[in-house]
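**Q** Okay, handing you the structure first.
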Amino acid sequence: MTSAEDGARERTRDAGADDRADDRAKDALDEAVARLARRAHERNVERVERAAELLAAPGAPLGDAARDEAAQLCHTVAGSAGTFGDAALTAAARRLETVLREARDADVPAALGRLRAAARRAPA
């Protein structure tokens, strides 16, 4: 075997080791992103439930402070869910945020129900 053949064989072996190291790094990164997505979803569920508490005063008109805080929570959920690709949760949060910002109180229960349903789904 020539030294050129030895060199080619060594480069092939090194490339294989590099590929395996790259695969391990990608797997570790994928797992880290998945952990972040799960944690973000858990926090979003907490935000949705807080918004539901703010909006749950039966028969009473919504106060400005409760409406504003719930709208801000929805805005935060929409951004966070969007970051991690949860289109259904993003859309539901945006919908309720719009309903709240436009003071369409009659539409709140349906929009809140859709948001809670979207939040109950496990992230993909």
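Ordering of the structure tokens sets the chain letters (A, B, ...); residue numbers start at 1 within each chain; ligands are numbered from 1 in the order shown.
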Residues at most 7 Å from stretch 78-80 of chain A, counting only C-alpha atoms, excluding those fewer than 2 positions away in the same chain, as a ChimeraX atom specification?
**A** /A:40,74-76,82-84,89-90,93-94
**Q** For A:Arg39, work out the shell of residues within 12 Å, counting only C-alpha atoms and skipping chain neighbours fewer than 6 positions away, then give it as a list in words.
**A**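 Here the qualifying residues turn out to be Ala32, Val33, Val45, Glu46, Ser80, Ala81, Phe84, Ala122 and Pro123 of chain A.
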**Q** Print the selection's residues with C-alpha atoms to a file, as a JSON list (two decimals), in the first residue's frame.
**A**
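The file below, out07.json, is the result:
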[["chain", "number", "residue", "atom", "x", "y", "z"],
["A", 32, "ALA", "CA", -32.27, 20.85, 23.85],
["A", 33, "VAL", "CA", -34.73, 22.59, 21.52],
["A", 45, "VAL", "CA", -50.60, 26.72, 29.56],
["A", 46, "GLU", "CA", -50.03, 28.64, 32.81],
["A", 80, "SER", "CA", -43.95, 32.02, 22.33],
["A", 81, "ALA", "CA", -46.07, 29.42, 20.56],
["A", 84, "PHE", "CA", -41.85, 26.87, 18.54],
["A", 122, "ALA", "CA", -49.52, 18.40, 23.69],
["A", 123, "PRO", "CA", -46.89, 20.16, 21.62]]
**Q** Figure out the distance between atom CA of A:Ala103 and atom CA of A:Asp86, please, to one decimal in Å.
**A** 25.9 Å
**Q** So how many Å separate atom CA of A:Val48 and atom CA of A:Arg101, to one decimal?
**A**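 Taking atom CA of A:Val48 as the start and atom CA of A:Arg101 as the end point, the length is 16.3 Å.
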